[in-house]
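Asks: I'd like to ask you about the structure that follows.
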Amino acid sequence: EVQLVESGGGLVHPGGSLRLSCAASGFDFGISNMAWLRQAPGKGLDWIATSNRDGNTYYASSVRGRFTISRDNNNNTLYLQLTSLRTEDTAMYYCTNSPITKSPRGQGTQVTVSS
C-alpha cells in the first residue's frame with residue numbers, strides 16, 4: 001500500500017522559509033517520479049514541482065527560483081525547500097508519486113504565510 005506522509009508546514013512571515021518533507025513507503029521510491037502539489041483555500045489542486053527518477057527537476061513558473069525539490073532515495077524521502085515565501089503561497093501542500101494524475105497523495109501539510 002502506498003503511503004505518503006507530509007510534514008514541516010507551519011506559519012511563517014512573508015520572505016521566510018520552510019522545508020517540507022514527504023516520507024514515502026509501499027512502492028519503489030528510487031525509480032518513481034515524485035511531485036509536490038498545493039491547494040490554496042477555495043482553489044484547485046496545482047502542480048508545483050517534480051523530481052524525476054533520472055534526476056531532472058521541473059517547476060511551475062509561480063515557484064521557480066524560490067522553491068527547490070530534492071529527494072533522498074536511501075531514506076525514501078522527498079523534500080521541498082520553500083524560500084522567499086509570499087502570502088499567495090498559503091496552501092495545503094501534498095506530495096504524490098503520480099505527477100500526472102496527482103493521486104495518490106498524503107494528508108498534506110499546511111503552509112500559512114502571513115504577517
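Going through the C-alpha cells in order, the chains are called A, B, and so on, while each chain numbers its residues from 1 and the ligands are numbered from 1 in the order shown.
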List as a list of chain:residue names the protein and nucleic acid residues near region 36-47 of chain A, meaning an atom at most 8 Å away when only C-alpha atoms are counted, but skip any in the same chain fewer than 4 places from it.
Replies: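 Listed by chain and then number, they are A:Ala60, A:Leu80, A:Asp89, A:Thr90, A:Ala91, A:Met92, A:Tyr93, A:Tyr94, A:Cys95, A:Thr96, A:Pro99, A:Lys102.
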Asks: Extract, using only C-alpha atoms, all DNA, RNA and protein residues at most 8 Å from region 5-19 of chain A, discarding same-chain residues fewer than 5 positions from it, and format them as a PyMOL selection string.
Replies: chain A and resi 24+79-87+93-95+106-115
Asks: Kindly export the residues of the current selection with N, CA, C and O atoms, as a compact mmCIF listing (two decimals), in the first residue's frame.
Replies:
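Written file, result_23.txt:
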# COMPACT_ATOMS: atom_id res chain seq x y z
N ALA A 24 7.87 8.42 2.22
CA ALA A 24 7.16 7.53 1.30
C ALA A 24 7.43 6.06 1.63
O ALA A 24 8.53 5.70 2.05
N TYR A 79 11.70 16.14 -0.52
CA TYR A 79 11.75 17.42 0.18
C TYR A 79 11.31 18.56 -0.73
O TYR A 79 11.38 18.46 -1.97
N LEU A 80 10.87 19.62 -0.09
CA LEU A 80 10.61 20.86 -0.82
C LEU A 80 11.09 22.01 0.06
O LEU A 80 10.54 22.23 1.14
N GLN A 81 12.14 22.69 -0.38
CA GLN A 81 12.63 23.87 0.30
C GLN A 81 11.90 25.09 -0.24
O GLN A 81 11.93 25.35 -1.45
N LEU A 82 11.23 25.80 0.64
CA LEU A 82 10.48 26.99 0.26
C LEU A 82 11.20 28.22 0.80
O LEU A 82 11.49 28.30 1.99
N THR A 83 11.54 29.14 -0.07
CA THR A 83 12.18 30.39 0.34
C THR A 83 11.42 31.57 -0.26
O THR A 83 10.59 31.40 -1.16
N SER A 84 11.73 32.76 0.25
CA SER A 84 11.09 33.98 -0.23
C SER A 84 9.57 33.81 -0.30
O SER A 84 8.93 34.17 -1.30
N LEU A 85 9.01 33.28 0.76
CA LEU A 85 7.59 32.95 0.76
C LEU A 85 6.72 34.21 0.67
O LEU A 85 7.06 35.27 1.23
N ARG A 86 5.62 34.05 -0.02
CA ARG A 86 4.65 35.13 -0.24
C ARG A 86 3.30 34.72 0.33
O ARG A 86 3.03 33.53 0.49
N THR A 87 2.45 35.69 0.56
CA THR A 87 1.14 35.35 1.11
C THR A 87 0.38 34.42 0.16
O THR A 87 -0.38 33.56 0.62
N TYR A 93 -0.04 21.67 1.24
CA TYR A 93 0.94 21.10 0.34
C TYR A 93 0.91 19.57 0.44
O TYR A 93 0.90 19.02 1.54
N TYR A 94 0.92 18.92 -0.72
CA TYR A 94 0.86 17.47 -0.81
C TYR A 94 2.00 16.93 -1.66
O TYR A 94 2.46 17.62 -2.59
N CYS A 95 2.41 15.70 -1.39
CA CYS A 95 3.31 15.01 -2.31
C CYS A 95 2.56 13.85 -2.95
O CYS A 95 1.57 13.36 -2.42
N GLY A 106 -0.66 12.31 0.11
CA GLY A 106 -0.81 12.19 1.54
C GLY A 106 -1.89 13.09 2.09
O GLY A 106 -2.69 13.64 1.34
N GLN A 107 -1.85 13.26 3.41
CA GLN A 107 -2.86 14.08 4.07
C GLN A 107 -2.56 15.57 3.97
O GLN A 107 -3.43 16.40 4.22
N GLY A 108 -1.35 15.87 3.57
CA GLY A 108 -0.94 17.25 3.37
C GLY A 108 -0.36 17.90 4.60
O GLY A 108 -0.50 17.42 5.72
N THR A 109 0.35 19.00 4.37
CA THR A 109 0.88 19.82 5.45
C THR A 109 0.57 21.27 5.12
O THR A 109 0.78 21.72 3.99
N GLN A 110 0.06 22.01 6.11
CA GLN A 110 -0.42 23.37 5.88
C GLN A 110 0.72 24.36 5.97
O GLN A 110 1.48 24.37 6.95
N VAL A 111 0.83 25.22 4.96
CA VAL A 111 1.76 26.34 4.98
C VAL A 111 0.93 27.62 4.96
O VAL A 111 0.10 27.82 4.06
N THR A 112 1.15 28.46 5.96
CA THR A 112 0.45 29.74 6.04
C THR A 112 1.48 30.85 6.08
O THR A 112 2.36 30.86 6.96
N VAL A 113 1.39 31.76 5.14
CA VAL A 113 2.31 32.90 5.05
C VAL A 113 1.52 34.16 5.38
O VAL A 113 0.60 34.54 4.64
N SER A 114 1.86 34.76 6.50
CA SER A 114 1.09 35.90 6.97
C SER A 114 1.96 36.78 7.85
O SER A 114 2.82 36.29 8.57
N SER A 115 1.71 38.08 7.77
CA SER A 115 2.42 39.00 8.64
C SER A 115 1.64 39.22 9.92
O SER A 115 2.10 39.94 10.81
Asks: For a quick check of understanding, using only C-alpha atoms, which of A:Phe67, A:Ala49, A:Gly26, A:Ser21 has the smallest distance to Val2 (chain A)?
Replies: A:Gly26
Asks: One decimal, in Å: what's the spacing between CA of Pro104 (chain A) and CA of Arg66 (chain A)?
Replies: 25.7 Å
Asks: Select, from A:Thr101, A:Ser61, A:Thr50, A:Ser25, the residue with the minimum atom-to-atom distance to Asn75 (chain A), counting only C-alpha atoms.
Replies: A:Ser25
Asks: If we count only C-alpha atoms and set the cut-off at 9 Å, which residues sit around Arg64 (chain A), ignoring sequence neighbours fewer than 5 positions away in its own chain? Please answer as a VMD selection string.
Replies: chain A and resid 48 to 49 58 to 59
Asks: Generate the output file for the selected residues, C-alpha atoms, as a PDB file, in the first residue's frame.
Replies:
ATOM      1  CA  ILE A  48       4.288  22.960  -8.377  1.00  0.00           C
ATOM      2  CA  ALA A  49       7.357  20.749  -8.773  1.00  0.00           C
ATOM      3  CA  TYR A  58      10.763  20.826 -13.073  1.00  0.00           C
ATOM      4  CA  TYR A  59       8.928  23.764 -11.531  1.00  0.00           C
TER       5      TYR A  59
END
